[in-house]
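Colleague: My structure is in work_24.cif, and what it holds is mmCIF, C-alpha atoms:
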```cif
data_start
loop_
_atom_site.group_PDB
_atom_site.id
_atom_site.type_symbol
_atom_site.label_atom_id
_atom_site.label_comp_id
_atom_site.auth_asym_id
_atom_site.auth_seq_id
_atom_site.Cartn_x
_atom_site.Cartn_y
_atom_site.Cartn_z
ATOM 1 C CA MET Z 1 -56.523 92.061 -29.174
ATOM 2 C CA ARG Z 2 -58.049 95.499 -28.797
ATOM 3 C CA SER Z 3 -60.003 97.050 -25.959
ATOM 4 C CA GLU Z 4 -61.664 100.470 -25.900
ATOM 5 C CA LEU Z 5 -62.963 102.227 -22.800
ATOM 6 C CA PHE Z 6 -65.126 105.340 -22.895
ATOM 7 C CA THR Z 7 -65.812 107.352 -19.748
ATOM 8 C CA GLU Z 8 -67.672 110.560 -19.017
ATOM 9 C CA ALA Z 9 -66.936 112.885 -16.116
ATOM 10 C CA SER Z 10 -69.826 113.600 -13.757
ATOM 11 C CA GLY Z 11 -68.958 117.287 -14.090
ATOM 12 C CA ASN Z 12 -66.617 119.555 -15.976
ATOM 13 C CA VAL Z 13 -63.206 118.656 -14.512
ATOM 14 C CA GLN Z 14 -60.738 121.324 -15.678
ATOM 15 C CA GLY Z 15 -62.353 121.353 -19.107
ATOM 16 C CA VAL Z 16 -62.322 117.561 -19.500
ATOM 17 C CA LYS Z 17 -65.717 115.990 -20.030
ATOM 18 C CA GLY Z 18 -64.618 112.443 -20.715
ATOM 19 C CA ALA Z 19 -61.885 110.131 -21.890
ATOM 20 C CA ARG Z 20 -61.292 107.382 -24.400
ATOM 21 C CA VAL Z 21 -58.628 104.777 -23.662
ATOM 22 C CA VAL Z 22 -57.548 102.310 -26.349
ATOM 23 C CA VAL Z 23 -55.341 99.345 -25.505
ATOM 24 C CA GLU Z 24 -54.058 97.099 -28.253
ATOM 25 C CA MET Z 25 -51.897 93.984 -28.002
ATOM 26 C CA ARG Z 26 -50.243 92.429 -31.048
ATOM 27 C CA ASP Z 27 -48.188 89.328 -31.764
ATOM 28 C CA ILE Z 28 -49.570 87.464 -28.747
ATOM 29 C CA THR Z 29 -47.861 84.127 -28.156
ATOM 30 C CA THR Z 30 -50.023 81.321 -26.839
ATOM 31 C CA ASN Z 31 -47.289 78.716 -26.424
ATOM 32 C CA ILE Z 32 -47.287 78.185 -22.663
ATOM 33 C CA ASP Z 33 -44.973 75.939 -20.672
ATOM 34 C CA THR Z 34 -47.374 73.561 -18.894
ATOM 35 C CA SER Z 35 -44.902 73.136 -16.024
ATOM 36 C CA TRP Z 36 -46.025 76.582 -14.802
ATOM 37 C CA PHE Z 37 -49.324 74.983 -13.775
ATOM 38 C CA GLU Z 38 -47.917 71.947 -11.997
ATOM 39 C CA VAL Z 39 -47.964 71.766 -8.201
ATOM 40 C CA PRO Z 40 -44.364 72.260 -6.996
ATOM 41 C CA VAL Z 41 -42.601 69.391 -5.234
ATOM 42 C CA GLY Z 42 -43.358 69.455 -1.515
ATOM 43 C CA PHE Z 43 -46.650 71.331 -1.987
ATOM 44 C CA SER Z 44 -50.176 69.930 -2.204
ATOM 45 C CA LYS Z 45 -53.434 71.249 -3.591
ATOM 46 C CA VAL Z 46 -55.920 72.635 -1.075
ATOM 47 C CA PRO Z 47 -59.566 71.779 -1.792
ATOM 48 C CA PRO Z 48 -61.841 74.814 -2.352
ATOM 49 C CA GLU Z 49 -63.972 73.782 0.655
ATOM 50 C CA GLN Z 50 -60.930 74.019 2.947
ATOM 51 C CA VAL Z 51 -60.028 77.456 1.581
ATOM 52 C CA ARG Z 52 -63.622 78.597 2.160
ATOM 53 C CA GLN Z 53 -63.550 77.284 5.757
ATOM 54 C CA GLN Z 54 -60.275 79.089 6.458
ATOM 55 C CA ILE Z 55 -61.601 82.369 5.028
ATOM 56 C CA ASN Z 56 -64.815 82.059 7.046
ATOM 57 C CA ALA Z 57 -62.826 81.372 10.242
ATOM 58 C CA LEU Z 58 -60.608 84.389 9.589
ATOM 59 C CA THR Z 59 -63.634 86.592 8.843
ATOM 60 C CA ASN Z 60 -65.383 85.459 12.034
ATOM 61 C CA MET Z 61 -62.252 86.145 14.078
ATOM 62 C CA ALA Z 62 -61.898 89.614 12.549
ATOM 63 C CA GLY Z 63 -65.571 90.303 13.289
ATOM 64 C CA ALA Z 64 -65.181 89.240 16.914
ATOM 65 C CA LEU Z 65 -62.076 91.411 17.255
ATOM 66 C CA LEU Z 66 -63.889 94.375 15.736
ATOM 67 C CA LYS Z 67 -66.851 93.929 18.096
ATOM 68 C CA SER Z 68 -64.445 93.729 21.042
ATOM 69 C CA LEU Z 69 -62.666 96.928 19.980
ATOM 70 C CA ILE Z 70 -65.963 98.768 19.530
ATOM 71 C CA ALA Z 71 -67.212 97.585 22.916
ATOM 72 C CA SER Z 72 -63.988 98.588 24.669
ATOM 73 C CA SER Z 73 -64.098 102.067 23.137
ATOM 74 C CA GLY Z 74 -67.516 102.712 24.709
ATOM 75 C CA GLN Z 75 -69.321 102.743 21.372
ATOM 76 C CA SER Z 76 -70.943 99.356 21.696
ATOM 77 C CA SER Z 77 -73.000 98.366 18.684
ATOM 78 C CA PRO Z 78 -74.949 95.139 19.239
ATOM 79 C CA THR Z 79 -76.048 95.070 15.589
ATOM 80 C CA ALA Z 80 -72.522 94.977 14.134
ATOM 81 C CA THR Z 81 -72.072 91.821 12.067
ATOM 82 C CA VAL Z 82 -69.474 90.598 9.639
ATOM 83 C CA SER Z 83 -70.464 88.319 6.766
ATOM 84 C CA PRO Z 84 -68.158 85.704 5.272
ATOM 85 C CA ALA Z 85 -66.260 87.040 2.264
ATOM 86 C CA VAL Z 86 -66.804 83.943 0.124
ATOM 87 C CA THR Z 87 -70.370 83.378 -1.027
ATOM 88 C CA SER Z 88 -69.886 81.316 -4.178
ATOM 89 C CA SER Z 89 -67.951 78.235 -5.164
ATOM 90 C CA PRO Z 90 -64.717 78.803 -7.077
ATOM 91 C CA SER Z 91 -64.394 77.380 -10.559
ATOM 92 C CA PRO Z 92 -62.001 74.470 -11.037
#
```
So that I can check it, write out the structure of this file as structure tokens.

Modeller:
Amino acid sequence: MRSELFTEASGNVQGVKGARVVVEMRDITTNIDTSWFEVPVGFSKVPPEQVRQQINALTNMAGALLKSLIASSGQSSPTATVSPAVTSSPSP
């Protein structure tokens, strides 16, 4: 497997105008122990909807805390909003 990355500096940075990075991997083994992907004993899978709800609740709480801190510092901003971090469904 080989990957090449080419970049250009937005200006002349100490004489460097760009870079080329080459990464190569050889003798890749694809034999994977399927037990790595099993749910450990005592644990259970969490549905994506529940994860999304928990993230949204955490984001809303952080937004409310931020608004409270801004208001208490005398720099009240009624237009400050925080959007949920998750906007798409995860892939199975």

Colleague: Can you list, as a PyMOL selection string, every protein, DNA or RNA residue that comes within 8 Å of stretch 1-10 of chain Z when you count all atoms listed in the file, leaving out same-chain residues fewer than 5 positions away?

Modeller: chain Z and resi 16-26

Colleague: Report, in Å to a single decimal, how far apart atom CA of Z:Glu38 and atom CA of Z:Val51 are.

Modeller: 19.0 Å

Colleague: If the box runs along x, y and z of the file and leaves 3 Å on each side of stretch 29-42 of chain Z, what are its centre and edge lengths in Å, one decimal, as lines of an AutoDock Vina configuration file?

Modeller:
```
center_x = -46.3
center_y = 76.8
center_z = -14.8
size_x = 13.4
size_y = 20.7
size_z = 32.6
```

Colleague: So what do you get for atom CA of Z:Pro47 versus atom CA of Z:Ser35, distance-wise?

Modeller: 20.5 Å

Colleague: Could you check how far atom CA of Z:Thr34 sits from atom CA of Z:Val46, in Å to one decimal?

Modeller: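 Interatomic distance, atom CA of Z:Thr34 to atom CA of Z:Val46: 19.8 Å.
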
Colleague: How would stretch 17-43 of chain Z look with N, CA, C and O atoms restored, written as a tab-separated table (two decimals), in the coordinates of the input?

Modeller:
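The file below, result_21.tsv, is the result:
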```
chain	number	residue	atom	x	y	z
Z	17	LYS	N	-64.37	116.53	-20.22
Z	17	LYS	CA	-65.72	115.99	-20.03
Z	17	LYS	C	-65.75	114.47	-20.15
Z	17	LYS	O	-66.75	113.86	-19.87
Z	18	GLY	N	-64.66	113.89	-20.58
Z	18	GLY	CA	-64.62	112.44	-20.72
Z	18	GLY	C	-63.27	112.00	-21.22
Z	18	GLY	O	-62.37	112.81	-21.46
Z	19	ALA	N	-63.14	110.68	-21.40
Z	19	ALA	CA	-61.88	110.13	-21.89
Z	19	ALA	C	-62.15	108.87	-22.70
Z	19	ALA	O	-63.15	108.18	-22.50
Z	20	ARG	N	-61.25	108.61	-23.61
Z	20	ARG	CA	-61.29	107.38	-24.40
Z	20	ARG	C	-59.91	106.75	-24.28
Z	20	ARG	O	-58.90	107.38	-24.58
Z	21	VAL	N	-59.89	105.50	-23.81
Z	21	VAL	CA	-58.63	104.78	-23.66
Z	21	VAL	C	-58.68	103.58	-24.60
Z	21	VAL	O	-59.63	102.81	-24.59
Z	22	VAL	N	-57.65	103.43	-25.42
Z	22	VAL	CA	-57.55	102.31	-26.35
Z	22	VAL	C	-56.29	101.53	-26.01
Z	22	VAL	O	-55.20	102.09	-25.94
Z	23	VAL	N	-56.46	100.22	-25.78
Z	23	VAL	CA	-55.34	99.34	-25.50
Z	23	VAL	C	-55.33	98.28	-26.59
Z	23	VAL	O	-56.34	97.65	-26.87
Z	24	GLU	N	-54.16	98.08	-27.19
Z	24	GLU	CA	-54.06	97.10	-28.25
Z	24	GLU	C	-52.83	96.24	-28.03
Z	24	GLU	O	-51.75	96.75	-27.72
Z	25	MET	N	-53.00	94.93	-28.15
Z	25	MET	CA	-51.90	93.98	-28.00
Z	25	MET	C	-51.74	93.24	-29.33
Z	25	MET	O	-52.73	92.82	-29.92
Z	26	ARG	N	-50.51	93.11	-29.78
Z	26	ARG	CA	-50.24	92.43	-31.05
Z	26	ARG	C	-49.22	91.32	-30.84
Z	26	ARG	O	-48.47	91.32	-29.87
Z	27	ASP	N	-49.15	90.42	-31.78
Z	27	ASP	CA	-48.19	89.33	-31.76
Z	27	ASP	C	-48.21	88.58	-30.44
Z	27	ASP	O	-47.18	88.34	-29.81
Z	28	ILE	N	-49.40	88.19	-30.01
Z	28	ILE	CA	-49.57	87.46	-28.75
Z	28	ILE	C	-49.16	86.01	-28.96
Z	28	ILE	O	-49.60	85.36	-29.90
Z	29	THR	N	-48.31	85.51	-28.09
Z	29	THR	CA	-47.86	84.13	-28.16
Z	29	THR	C	-48.69	83.29	-27.19
Z	29	THR	O	-48.85	83.66	-26.03
Z	30	THR	N	-49.21	82.18	-27.70
Z	30	THR	CA	-50.02	81.32	-26.84
Z	30	THR	C	-49.33	80.01	-26.51
Z	30	THR	O	-49.95	79.10	-25.99
Z	31	ASN	N	-48.05	79.90	-26.80
Z	31	ASN	CA	-47.29	78.72	-26.42
Z	31	ASN	C	-46.89	78.86	-24.95
Z	31	ASN	O	-46.05	79.68	-24.61
Z	32	ILE	N	-47.51	78.07	-24.10
Z	32	ILE	CA	-47.29	78.18	-22.66
Z	32	ILE	C	-46.63	76.91	-22.15
Z	32	ILE	O	-47.03	75.80	-22.51
Z	33	ASP	N	-45.64	77.07	-21.31
Z	33	ASP	CA	-44.97	75.94	-20.67
Z	33	ASP	C	-45.91	75.37	-19.61
Z	33	ASP	O	-46.23	76.03	-18.61
Z	34	THR	N	-46.41	74.15	-19.82
Z	34	THR	CA	-47.37	73.56	-18.89
Z	34	THR	C	-46.81	73.33	-17.50
Z	34	THR	O	-47.57	73.18	-16.54
Z	35	SER	N	-45.49	73.33	-17.35
Z	35	SER	CA	-44.90	73.14	-16.02
Z	35	SER	C	-45.25	74.30	-15.09
Z	35	SER	O	-45.18	74.15	-13.87
Z	36	TRP	N	-45.62	75.44	-15.64
Z	36	TRP	CA	-46.02	76.58	-14.80
Z	36	TRP	C	-47.26	76.27	-13.97
Z	36	TRP	O	-47.52	76.89	-12.96
Z	37	PHE	N	-48.06	75.30	-14.43
Z	37	PHE	CA	-49.32	74.98	-13.78
Z	37	PHE	C	-49.26	73.72	-12.93
Z	37	PHE	O	-50.26	73.29	-12.38
Z	38	GLU	N	-48.09	73.14	-12.81
Z	38	GLU	CA	-47.92	71.95	-12.00
Z	38	GLU	C	-47.69	72.36	-10.54
Z	38	GLU	O	-47.10	73.39	-10.26
Z	39	VAL	N	-48.17	71.52	-9.63
Z	39	VAL	CA	-47.96	71.77	-8.20
Z	39	VAL	C	-46.49	71.49	-7.89
Z	39	VAL	O	-45.98	70.41	-8.21
Z	40	PRO	N	-45.78	72.46	-7.30
Z	40	PRO	CA	-44.36	72.26	-7.00
Z	40	PRO	C	-44.14	71.10	-6.03
Z	40	PRO	O	-45.00	70.77	-5.21
Z	41	VAL	N	-42.97	70.50	-6.12
Z	41	VAL	CA	-42.60	69.39	-5.23
Z	41	VAL	C	-42.65	69.89	-3.79
Z	41	VAL	O	-42.18	70.97	-3.47
Z	42	GLY	N	-43.26	69.09	-2.92
Z	42	GLY	CA	-43.36	69.46	-1.52
Z	42	GLY	C	-44.63	70.22	-1.18
Z	42	GLY	O	-44.93	70.45	-0.02
Z	43	PHE	N	-45.39	70.62	-2.20
Z	43	PHE	CA	-46.65	71.33	-1.99
Z	43	PHE	C	-47.80	70.39	-2.33
Z	43	PHE	O	-47.62	69.39	-3.01
```
